[in-house]
$ cat run15.cif   # mmCIF, C-alpha atoms
data_work
loop_
_atom_site.label_atom_id
_atom_site.label_comp_id
_atom_site.auth_asym_id
_atom_site.auth_seq_id
_atom_site.Cartn_x
_atom_site.Cartn_y
_atom_site.Cartn_z
CA PRO M 390 0.00 0.00 0.00
CA TYR M 391 0.99 3.54 -0.63
CA SER M 392 2.04 5.77 2.22
CA GLN M 393 -0.07 8.76 3.17
CA THR M 394 2.44 11.24 1.69
CA HIS M 395 2.66 9.34 -1.55
CA SER M 396 -1.10 9.04 -1.89
CA GLN M 397 -1.58 12.78 -1.59
CA GLN M 398 0.52 13.25 -4.74
CA LEU M 399 -1.60 10.82 -6.79
CA PRO M 400 -4.63 11.87 -8.81
CA VAL M 401 -7.96 11.74 -7.14
CA ASP M 402 -9.10 8.50 -8.88
CA MET M 403 -5.97 6.65 -7.89
CA GLN M 404 -6.28 7.93 -4.35
CA LEU M 405 -9.84 6.49 -4.20
CA HIS M 406 -8.73 3.07 -5.43
CA SER M 407 -5.81 2.99 -3.09
CA ALA M 408 -7.90 3.89 -0.08
CA PRO M 409 -9.58 1.23 2.08
CA LEU M 410 -13.08 0.02 1.10
CA SER M 411 -14.81 1.87 3.91
CA GLN M 412 -13.19 5.12 2.77
CA ARG M 413 -13.97 4.51 -0.92
CA VAL M 414 -17.71 4.67 -0.39
CA SER M 415 -17.54 7.82 1.65
CA SER M 416 -15.12 9.44 -0.77
CA ARG M 417 -17.32 8.64 -3.76
CA SER M 418 -20.34 10.07 -2.07
CA VAL M 419 -18.52 13.38 -1.57
CA ARG M 420 -16.19 13.67 -4.54
CA GLN M 421 -17.41 13.43 -8.09
CA ARG M 422 -15.43 12.79 -11.20
CA PRO M 423 -14.93 15.81 -13.42
CA GLY M 424 -17.54 16.03 -16.14
CA VAL M 425 -19.91 13.56 -14.44
CA CYS M 426 -23.12 14.98 -13.05
CA SER M 427 -24.98 13.42 -10.20
CA ARG M 428 -28.74 12.89 -10.59
CA PRO M 429 -31.26 11.00 -8.56
CA ALA M 430 -32.12 7.44 -9.49
CA VAL M 431 -35.15 7.03 -11.71
CA PRO M 432 -37.64 4.41 -10.53
CA THR M 433 -37.97 1.47 -12.84
CA ARG M 434 -41.32 1.10 -14.59
CA THR M 435 -42.58 -2.31 -15.72
CA THR M 436 -44.62 -2.28 -18.88
CA ALA M 437 -46.90 -5.23 -19.71
CA LEU M 438 -46.85 -6.26 -23.33
CA ARG M 439 -49.88 -7.76 -25.00
CA VAL M 440 -49.06 -10.17 -27.77
CA VAL M 441 -51.73 -10.77 -30.38
CA LEU M 442 -51.24 -13.74 -32.66
CA ALA M 443 -52.58 -13.15 -36.11
CA PRO M 444 -54.09 -16.17 -37.90
CA VAL M 445 -51.80 -17.85 -40.35
CA PRO M 446 -53.31 -17.94 -43.82
CA GLY M 447 -53.98 -21.45 -45.04
CA PRO M 448 -56.71 -23.94 -45.92
CA SER M 449 -59.63 -23.88 -43.50
CA LEU M 450 -60.65 -27.05 -41.69
CA SER M 451 -64.31 -28.03 -41.70
CA LEU M 452 -65.54 -30.37 -38.95
CA PRO M 453 -68.41 -32.76 -39.65
CA ALA M 454 -71.70 -31.82 -38.07
CA ALA M 455 -72.60 -33.76 -34.92
CA GLU M 456 -75.29 -36.36 -35.42
CA PRO M 457 -78.41 -35.85 -33.31
CA VAL M 458 -78.75 -38.27 -30.41
CA GLU M 459 -82.11 -39.97 -30.24
CA SER M 460 -83.48 -40.34 -26.74
CA GLU M 461 -84.93 -43.69 -25.72
CA SER M 462 -88.63 -43.78 -25.24
CA VAL M 463 -90.25 -45.42 -22.26
CA ASP M 464 -91.23 -48.44 -24.35
CA GLU M 465 -87.67 -48.97 -25.62
CA ALA M 466 -86.02 -48.65 -22.19
CA PRO M 467 -84.40 -51.89 -20.98
CA THR M 468 -86.53 -53.77 -18.49
CA HIS M 469 -85.32 -55.82 -15.54
CA THR M 470 -85.96 -59.55 -15.78
CA PRO M 471 -87.32 -61.06 -12.54
CA TRP M 472 -85.12 -63.75 -11.06
CA PHE M 473 -87.76 -66.48 -11.50
CA LYS M 474 -88.01 -65.67 -15.22
CA ARG M 475 -84.35 -66.49 -15.82
CA PRO M 476 -83.61 -69.74 -17.68
CA CYS M 477 -84.01 -72.86 -15.55
CA PRO M 478 -83.21 -75.95 -17.66
CA GLY M 479 -85.64 -78.81 -17.24
CA PHE M 480 -88.30 -76.83 -15.35
CA ALA M 481 -91.58 -75.88 -17.05
CA GLU M 482 -93.55 -72.93 -15.67
CA VAL M 483 -96.99 -73.22 -14.12
CA SER M 484 -99.02 -70.02 -13.63
CA THR M 485 -102.59 -71.09 -12.87
CA LEU M 486 -104.45 -73.90 -11.13
CA PRO M 487 -105.66 -75.50 -14.42
CA GLU M 488 -102.04 -75.63 -15.58
CA LEU M 489 -101.05 -77.24 -12.28
CA SER M 490 -103.76 -79.88 -12.66
CA LYS M 491 -102.45 -80.77 -16.10
CA ALA M 492 -98.87 -80.85 -14.84
CA ILE M 493 -99.70 -83.26 -12.01
CA VAL M 494 -101.04 -85.89 -14.43
CA SER M 495 -98.57 -85.14 -17.21
CA GLY M 496 -96.36 -88.05 -16.20
CA ARG M 497 -99.11 -90.64 -16.69
CA ALA M 498 -98.44 -91.12 -20.39
CA GLU M 499 -94.70 -91.61 -19.90
CA GLY M 500 -94.86 -93.33 -16.53
CA ARG M 501 -92.76 -90.61 -14.88
CA TRP M 502 -93.02 -88.93 -11.49
CA VAL M 503 -93.76 -85.23 -11.22
CA ALA M 504 -91.97 -82.70 -9.02
CA VAL M 505 -93.57 -79.28 -8.52
CA GLU M 506 -91.59 -76.45 -6.95
CA PHE M 507 -93.83 -73.82 -5.30
CA PHE M 508 -92.33 -70.34 -4.90
CA ALA M 509 -93.14 -66.62 -4.88
CA GLY M 510 -91.35 -63.71 -6.47
CA TRP M 511 -91.15 -61.84 -3.15
CA CYS M 512 -89.65 -64.86 -1.34
CA ALA M 513 -85.95 -64.29 -0.55
CA SER M 514 -85.37 -67.96 0.31
CA CYS M 515 -86.87 -68.98 -3.03
CA LYS M 516 -84.51 -66.64 -4.85
CA ALA M 517 -81.48 -68.00 -2.96
CA ALA M 518 -82.38 -71.62 -3.80
CA TYR M 519 -83.25 -70.98 -7.45
CA PRO M 520 -79.73 -71.33 -8.98
CA SER M 521 -79.04 -74.63 -7.19
CA LEU M 522 -82.49 -75.94 -8.00
CA CYS M 523 -82.01 -75.29 -11.71
CA LYS M 524 -78.81 -77.38 -11.70
CA ILE M 525 -80.53 -80.57 -10.51
CA THR M 526 -81.62 -81.74 -13.96
CA LYS M 527 -78.07 -81.34 -15.28
CA ARG M 528 -76.17 -82.80 -12.33
CA GLU M 529 -78.63 -85.63 -11.65
CA PRO M 530 -79.22 -87.24 -15.06
CA GLU M 531 -80.74 -90.44 -13.63
CA VAL M 532 -83.30 -88.42 -11.70
CA SER M 533 -84.08 -86.28 -14.74
CA LYS M 534 -85.02 -89.38 -16.73
CA GLN M 535 -87.62 -90.39 -14.14
CA PHE M 536 -89.12 -87.00 -13.25
CA LEU M 537 -90.93 -84.12 -14.90
CA PHE M 538 -90.10 -80.82 -13.18
CA TYR M 539 -92.36 -77.79 -12.84
CA LYS M 540 -92.17 -74.47 -11.00
CA ALA M 541 -95.39 -72.82 -9.80
CA ASN M 542 -95.65 -69.18 -8.75
CA VAL M 543 -98.13 -68.92 -5.87
CA GLU M 544 -98.62 -65.21 -6.45
CA ASP M 545 -101.49 -66.41 -8.58
CA GLU M 546 -104.56 -66.47 -6.35
CA THR M 547 -105.73 -69.92 -7.43
CA LEU M 548 -102.33 -71.48 -6.71
CA PHE M 549 -102.15 -69.68 -3.38
CA PHE M 550 -105.43 -71.27 -2.27
CA TRP M 551 -104.17 -74.67 -3.45
CA ILE M 552 -101.08 -74.59 -1.20
CA LYS M 553 -103.22 -73.21 1.64
CA LYS M 554 -105.64 -76.10 1.23
CA HIS M 555 -102.74 -78.57 1.40
CA GLU M 556 -101.35 -76.84 4.51
CA ILE M 557 -98.12 -75.64 2.92
CA ARG M 558 -97.00 -72.83 5.21
CA ALA M 559 -93.43 -72.15 4.09
CA LEU M 560 -91.72 -71.42 0.77
CA PRO M 561 -89.99 -72.71 -1.23
CA TYR M 562 -91.70 -76.09 -1.08
CA MET M 563 -91.51 -79.13 -3.39
CA VAL M 564 -94.26 -81.71 -3.80
CA LEU M 565 -93.75 -85.09 -5.51
CA PHE M 566 -96.52 -86.93 -7.37
CA ASN M 567 -96.57 -90.46 -8.77
CA PRO M 568 -97.44 -91.12 -12.43
CA ASN M 569 -101.13 -91.44 -11.51
CA GLY M 570 -101.20 -87.92 -10.09
CA GLU M 571 -101.29 -89.00 -6.45
CA GLN M 572 -99.33 -86.88 -3.99
CA LEU M 573 -96.44 -88.80 -2.46
CA VAL M 574 -94.61 -86.39 -0.17
CA GLY M 575 -93.75 -82.73 0.25
CA PHE M 576 -90.75 -81.01 1.85
CA SER M 577 -88.86 -77.75 2.12
CA SER M 578 -86.62 -76.97 -0.86
CA SER M 579 -84.65 -74.04 0.54
CA PHE M 580 -80.96 -73.60 -0.21
CA LYS M 581 -79.95 -75.18 3.11
CA ARG M 582 -82.14 -78.18 2.32
CA MET M 583 -80.79 -78.82 -1.18
CA ALA M 584 -79.02 -82.02 -0.07
CA GLN M 585 -82.33 -83.35 1.27
CA VAL M 586 -84.05 -82.42 -1.99
CA LYS M 587 -81.62 -84.46 -4.09
CA ALA M 588 -81.78 -87.37 -1.65
CA ALA M 589 -85.60 -87.33 -1.76
CA LEU M 590 -85.63 -87.59 -5.54
CA HIS M 591 -83.24 -90.54 -5.45
CA THR M 592 -85.28 -92.25 -2.73
CA VAL M 593 -88.44 -92.10 -4.84
CA VAL M 594 -86.62 -93.35 -7.94
CA ASP M 595 -85.06 -96.22 -6.01
CA ASN M 596 -88.45 -97.30 -4.60
CA PRO M 597 -90.85 -97.20 -7.55
CA ASP M 598 -93.37 -99.60 -5.97
CA HIS M 599 -93.97 -97.47 -2.89
CA THR M 600 -96.88 -95.05 -2.83
CA ARG M 601 -96.18 -93.46 0.54
CA PHE M 602 -93.11 -91.73 1.95
CA ILE M 603 -92.42 -89.82 5.16
CA LEU M 604 -89.84 -87.33 6.44
CA ASP M 605 -87.38 -88.20 9.17
CA PRO M 606 -86.39 -85.63 11.86
CA GLN M 607 -83.52 -84.39 9.65
CA GLY M 608 -85.88 -83.69 6.75
CA PHE M 609 -84.89 -86.62 4.56
CA VAL M 610 -87.52 -88.61 2.69
CA VAL M 611 -87.62 -92.23 3.80
CA VAL M 612 -89.75 -95.29 3.21
CA PRO M 613 -92.00 -96.05 6.23
#
$ encode --input "run15.cif" --output "C-alpha cells"
Amino acid sequence: PYSQTHSQQLPVDMQLHSAPLSQRVSSRSVRQRPGVCSRPAVPTRTTALRVVLAPVPGPSLSLPAAEPVESESVDEAPTHTPWFKRPCPGFAEVSTLPELSKAIVSGRAEGRWVAVEFFAGWCASCKAAYPSLCKITKREPEVSKQFLFYKANVEDETLFFWIKKHEIRALPYMVLFNPNGEQLVGFSSSFKRMAQVKAALHTVVDNPDHTRFILDPQGFVVVP
C-alpha cells in the first residue's frame, strides 16, 4: 500500500482506489469525477406487453356436423328380468291352477313322477335356492329321466289357495306326485335343504313300488 504522503501526490481516482473500502464509499459520495453529473435514481417502470397472434393464412378445416342423439322412449327402455323368469333348464312354468292340474297328471303317459316347486317372487329364500335348484336336472341325469319338473308361482290367487288347502306354510316347497297324479310327499326346498331335496328324488326313484313316503327328523324322505 501507498504511504499517506505518496497518496496525496496521486490523482484523485488513484487515491480512491488505493484507499480502504470503507473510505472509498464515503469518498465517492462526496467527490465526483470531473464532467460527471450526479442525478437522482429514476424508478424502474414495468410495462406489460400484449401479444396478439394473427391467424396464419392457409386452408380452412371443416368439422363434420354432430349427429343428433335420439333419446330412448319409455317403451324402448331396458326392463329388468325377474329372477324367477331367468332360464331354468328342465323346469316348465306353471301359472294357474288349471295348468297345475295338467302338470300333475302329465307323467301318466310316460310313466314318470312329477316334481312341482312352489315359490313366490317376493320370497328371498326362493330366490337364494333358485340357482341350485335349476342345476338338478343337469347334475342328476338319472333323476331327470324319471321326473318331470315344474315351477309354480303362488302369487297367482288360485295357486295360493291350493297350497293353503294342502297346509303348505313355508316357501320354497316341493311336492312329488306319482305317475297317476297321487301326492307322495312334500318337503322344504330351501338352499340349506338342497341335499335333502336331491336325496328325496333318489329315494323315490329307487323305490318305484312305494306309494307313501315320510320325512325323518332331519328332513330326509324315507320309506315307512
$ resolve_selection --input "run15.cif" --expression "the PyMOL selection byres ((chain M and resi 540) around 9)" --output "short mmCIF file (atom, residue, chain, number, x, y, z; two decimals) with C-alpha atoms, in the frame of the given file"
data_model
loop_
_atom_site.label_atom_id
_atom_site.label_comp_id
_atom_site.auth_asym_id
_atom_site.auth_seq_id
_atom_site.Cartn_x
_atom_site.Cartn_y
_atom_site.Cartn_z
CA PHE M 480 -88.30 -76.83 -15.35
CA ALA M 481 -91.58 -75.88 -17.05
CA GLU M 482 -93.55 -72.93 -15.67
CA VAL M 483 -96.99 -73.22 -14.12
CA SER M 484 -99.02 -70.02 -13.63
CA ALA M 504 -91.97 -82.70 -9.02
CA VAL M 505 -93.57 -79.28 -8.52
CA GLU M 506 -91.59 -76.45 -6.95
CA PHE M 507 -93.83 -73.82 -5.30
CA PHE M 508 -92.33 -70.34 -4.90
CA PHE M 538 -90.10 -80.82 -13.18
CA TYR M 539 -92.36 -77.79 -12.84
CA ALA M 541 -95.39 -72.82 -9.80
CA ASN M 542 -95.65 -69.18 -8.75
CA MET M 563 -91.51 -79.13 -3.39
#
$ residues_near_point --input "run15.cif" --point "(-91.9, -66.2, -13.1)" --cutoff "8 Å" --atoms "only C-alpha atoms" --output "VMD selection string"
chain M and resid 471 to 474 482 510 542
$ residues_around --input "run15.cif" --residues "range 573-585 of chain M" --least-positions-apart "5" --cutoff "6 Å" --atoms "all atoms listed in the file" --output "ChimeraX atom specification"
/M:518,561-566,601-602,609
$ atom_distance --input "run15.cif" --atom1 "CA of Asp595 in chain M" --atom2 "CA of Pro478 in chain M"
23.5 Å
$ atom_distance --input "run15.cif" --atom1 "CA of Ala588 in chain M" --atom2 "CA of Phe550 in chain M"
28.6 Å
$ atom_distance --input "run15.cif" --atom1 "CA of Lys553 in chain M" --atom2 "CA of Ala492 in chain M"
18.7 Å
$ residues_around --input "run15.cif" --residues "Asn569 in chain M" --least-positions-apart "6" --cutoff "12 Å" --atoms "only C-alpha atoms" --output "ChimeraX atom specification"
/M:490-503,600
$ residues_around --input "run15.cif" --residues "Glu529 in chain M" --least-positions-apart "3" --cutoff "12 Å" --atoms "all atoms listed in the file" --output "count of residues only"
18
$ residues_near_point --input "run15.cif" --point "(-91.5, -97.4, 3.1)" --cutoff "10 Å" --atoms "all atoms listed in the file" --output "PyMOL selection string"
chain M and resi 592+596+598-603+610-613
$ closest_residue --input "run15.cif" --among "M:Gly608, M:Pro568, M:Pro476, M:Pro487" --to "Thr547 in chain M" --atoms "all atoms listed in the file"
M:Pro487
$ residues_around --input "run15.cif" --residues "Cys512 in chain M" --least-positions-apart "3" --cutoff "10 Å" --atoms "all atoms listed in the file" --output "list in words"
Phe508, Ala509, Cys515, Lys516, Ala517, Ala559, Leu560 and Pro561 of chain M
$ decode --input "run15.cif" --residues "range 564-584 of chain M" --atoms "N, CA and C atoms" --output "PDB file, in the first residue's frame"
ATOM      1  N   VAL M 564     -93.319 -80.612  -3.971  1.00  0.00           N
ATOM      2  CA  VAL M 564     -94.260 -81.712  -3.798  1.00  0.00           C
ATOM      3  C   VAL M 564     -94.019 -82.720  -4.915  1.00  0.00           C
ATOM      4  N   LEU M 565     -93.971 -84.012  -4.543  1.00  0.00           N
ATOM      5  CA  LEU M 565     -93.747 -85.085  -5.506  1.00  0.00           C
ATOM      6  C   LEU M 565     -95.047 -85.855  -5.722  1.00  0.00           C
ATOM      7  N   PHE M 566     -95.317 -86.175  -6.999  1.00  0.00           N
ATOM      8  CA  PHE M 566     -96.517 -86.930  -7.371  1.00  0.00           C
ATOM      9  C   PHE M 566     -96.087 -88.173  -8.147  1.00  0.00           C
ATOM     10  N   ASN M 567     -96.858 -89.257  -7.984  1.00  0.00           N
ATOM     11  CA  ASN M 567     -96.566 -90.461  -8.769  1.00  0.00           C
ATOM     12  C   ASN M 567     -97.186 -90.321 -10.154  1.00  0.00           C
ATOM     13  N   PRO M 568     -96.906 -91.250 -11.063  1.00  0.00           N
ATOM     14  CA  PRO M 568     -97.439 -91.119 -12.430  1.00  0.00           C
ATOM     15  C   PRO M 568     -98.957 -91.040 -12.521  1.00  0.00           C
ATOM     16  N   ASN M 569     -99.663 -91.513 -11.499  1.00  0.00           N
ATOM     17  CA  ASN M 569    -101.126 -91.443 -11.511  1.00  0.00           C
ATOM     18  C   ASN M 569    -101.659 -90.114 -10.979  1.00  0.00           C
ATOM     19  N   GLY M 570    -100.773 -89.215 -10.589  1.00  0.00           N
ATOM     20  CA  GLY M 570    -101.199 -87.920 -10.088  1.00  0.00           C
ATOM     21  C   GLY M 570    -101.448 -87.888  -8.608  1.00  0.00           C
ATOM     22  N   GLU M 571    -101.081 -88.949  -7.897  1.00  0.00           N
ATOM     23  CA  GLU M 571    -101.288 -89.004  -6.447  1.00  0.00           C
ATOM     24  C   GLU M 571    -100.095 -88.378  -5.732  1.00  0.00           C
ATOM     25  N   GLN M 572    -100.402 -87.545  -4.739  1.00  0.00           N
ATOM     26  CA  GLN M 572     -99.334 -86.882  -3.992  1.00  0.00           C
ATOM     27  C   GLN M 572     -98.591 -87.882  -3.113  1.00  0.00           C
ATOM     28  N   LEU M 573     -97.268 -87.886  -3.233  1.00  0.00           N
ATOM     29  CA  LEU M 573     -96.439 -88.804  -2.457  1.00  0.00           C
ATOM     30  C   LEU M 573     -95.922 -88.162  -1.184  1.00  0.00           C
ATOM     31  N   VAL M 574     -95.243 -87.039  -1.315  1.00  0.00           N
ATOM     32  CA  VAL M 574     -94.607 -86.393  -0.166  1.00  0.00           C
ATOM     33  C   VAL M 574     -94.258 -84.958  -0.553  1.00  0.00           C
ATOM     34  N   GLY M 575     -94.168 -84.110   0.454  1.00  0.00           N
ATOM     35  CA  GLY M 575     -93.749 -82.727   0.246  1.00  0.00           C
ATOM     36  C   GLY M 575     -92.711 -82.335   1.286  1.00  0.00           C
ATOM     37  N   PHE M 576     -91.846 -81.390   0.951  1.00  0.00           N
ATOM     38  CA  PHE M 576     -90.751 -81.013   1.854  1.00  0.00           C
ATOM     39  C   PHE M 576     -90.208 -79.643   1.464  1.00  0.00           C
ATOM     40  N   SER M 577     -89.480 -79.046   2.380  1.00  0.00           N
ATOM     41  CA  SER M 577     -88.860 -77.750   2.118  1.00  0.00           C
ATOM     42  C   SER M 577     -87.754 -77.904   1.080  1.00  0.00           C
ATOM     43  N   SER M 578     -87.649 -76.942   0.183  1.00  0.00           N
ATOM     44  CA  SER M 578     -86.617 -76.974  -0.860  1.00  0.00           C
ATOM     45  C   SER M 578     -85.754 -75.716  -0.811  1.00  0.00           C
ATOM     46  N   SER M 579     -85.505 -75.215   0.389  1.00  0.00           N
ATOM     47  CA  SER M 579     -84.649 -74.039   0.544  1.00  0.00           C
ATOM     48  C   SER M 579     -83.206 -74.393   0.223  1.00  0.00           C
ATOM     49  N   PHE M 580     -82.367 -73.386   0.152  1.00  0.00           N
ATOM     50  CA  PHE M 580     -80.957 -73.603  -0.207  1.00  0.00           C
ATOM     51  C   PHE M 580     -80.268 -74.514   0.808  1.00  0.00           C
ATOM     52  N   LYS M 581     -80.571 -74.351   2.085  1.00  0.00           N
ATOM     53  CA  LYS M 581     -79.952 -75.179   3.112  1.00  0.00           C
ATOM     54  C   LYS M 581     -80.434 -76.626   3.060  1.00  0.00           C
ATOM     55  N   ARG M 582     -81.575 -76.846   2.406  1.00  0.00           N
ATOM     56  CA  ARG M 582     -82.141 -78.182   2.320  1.00  0.00           C
ATOM     57  C   ARG M 582     -81.894 -78.843   0.962  1.00  0.00           C
ATOM     58  N   MET M 583     -80.982 -78.304   0.168  1.00  0.00           N
ATOM     59  CA  MET M 583     -80.786 -78.821  -1.181  1.00  0.00           C
ATOM     60  C   MET M 583     -80.275 -80.258  -1.168  1.00  0.00           C
ATOM     61  N   ALA M 584     -79.484 -80.634  -0.167  1.00  0.00           N
ATOM     62  CA  ALA M 584     -79.019 -82.021  -0.069  1.00  0.00           C
ATOM     63  C   ALA M 584     -80.189 -82.960   0.178  1.00  0.00           C
TER      64      ALA M 584
END
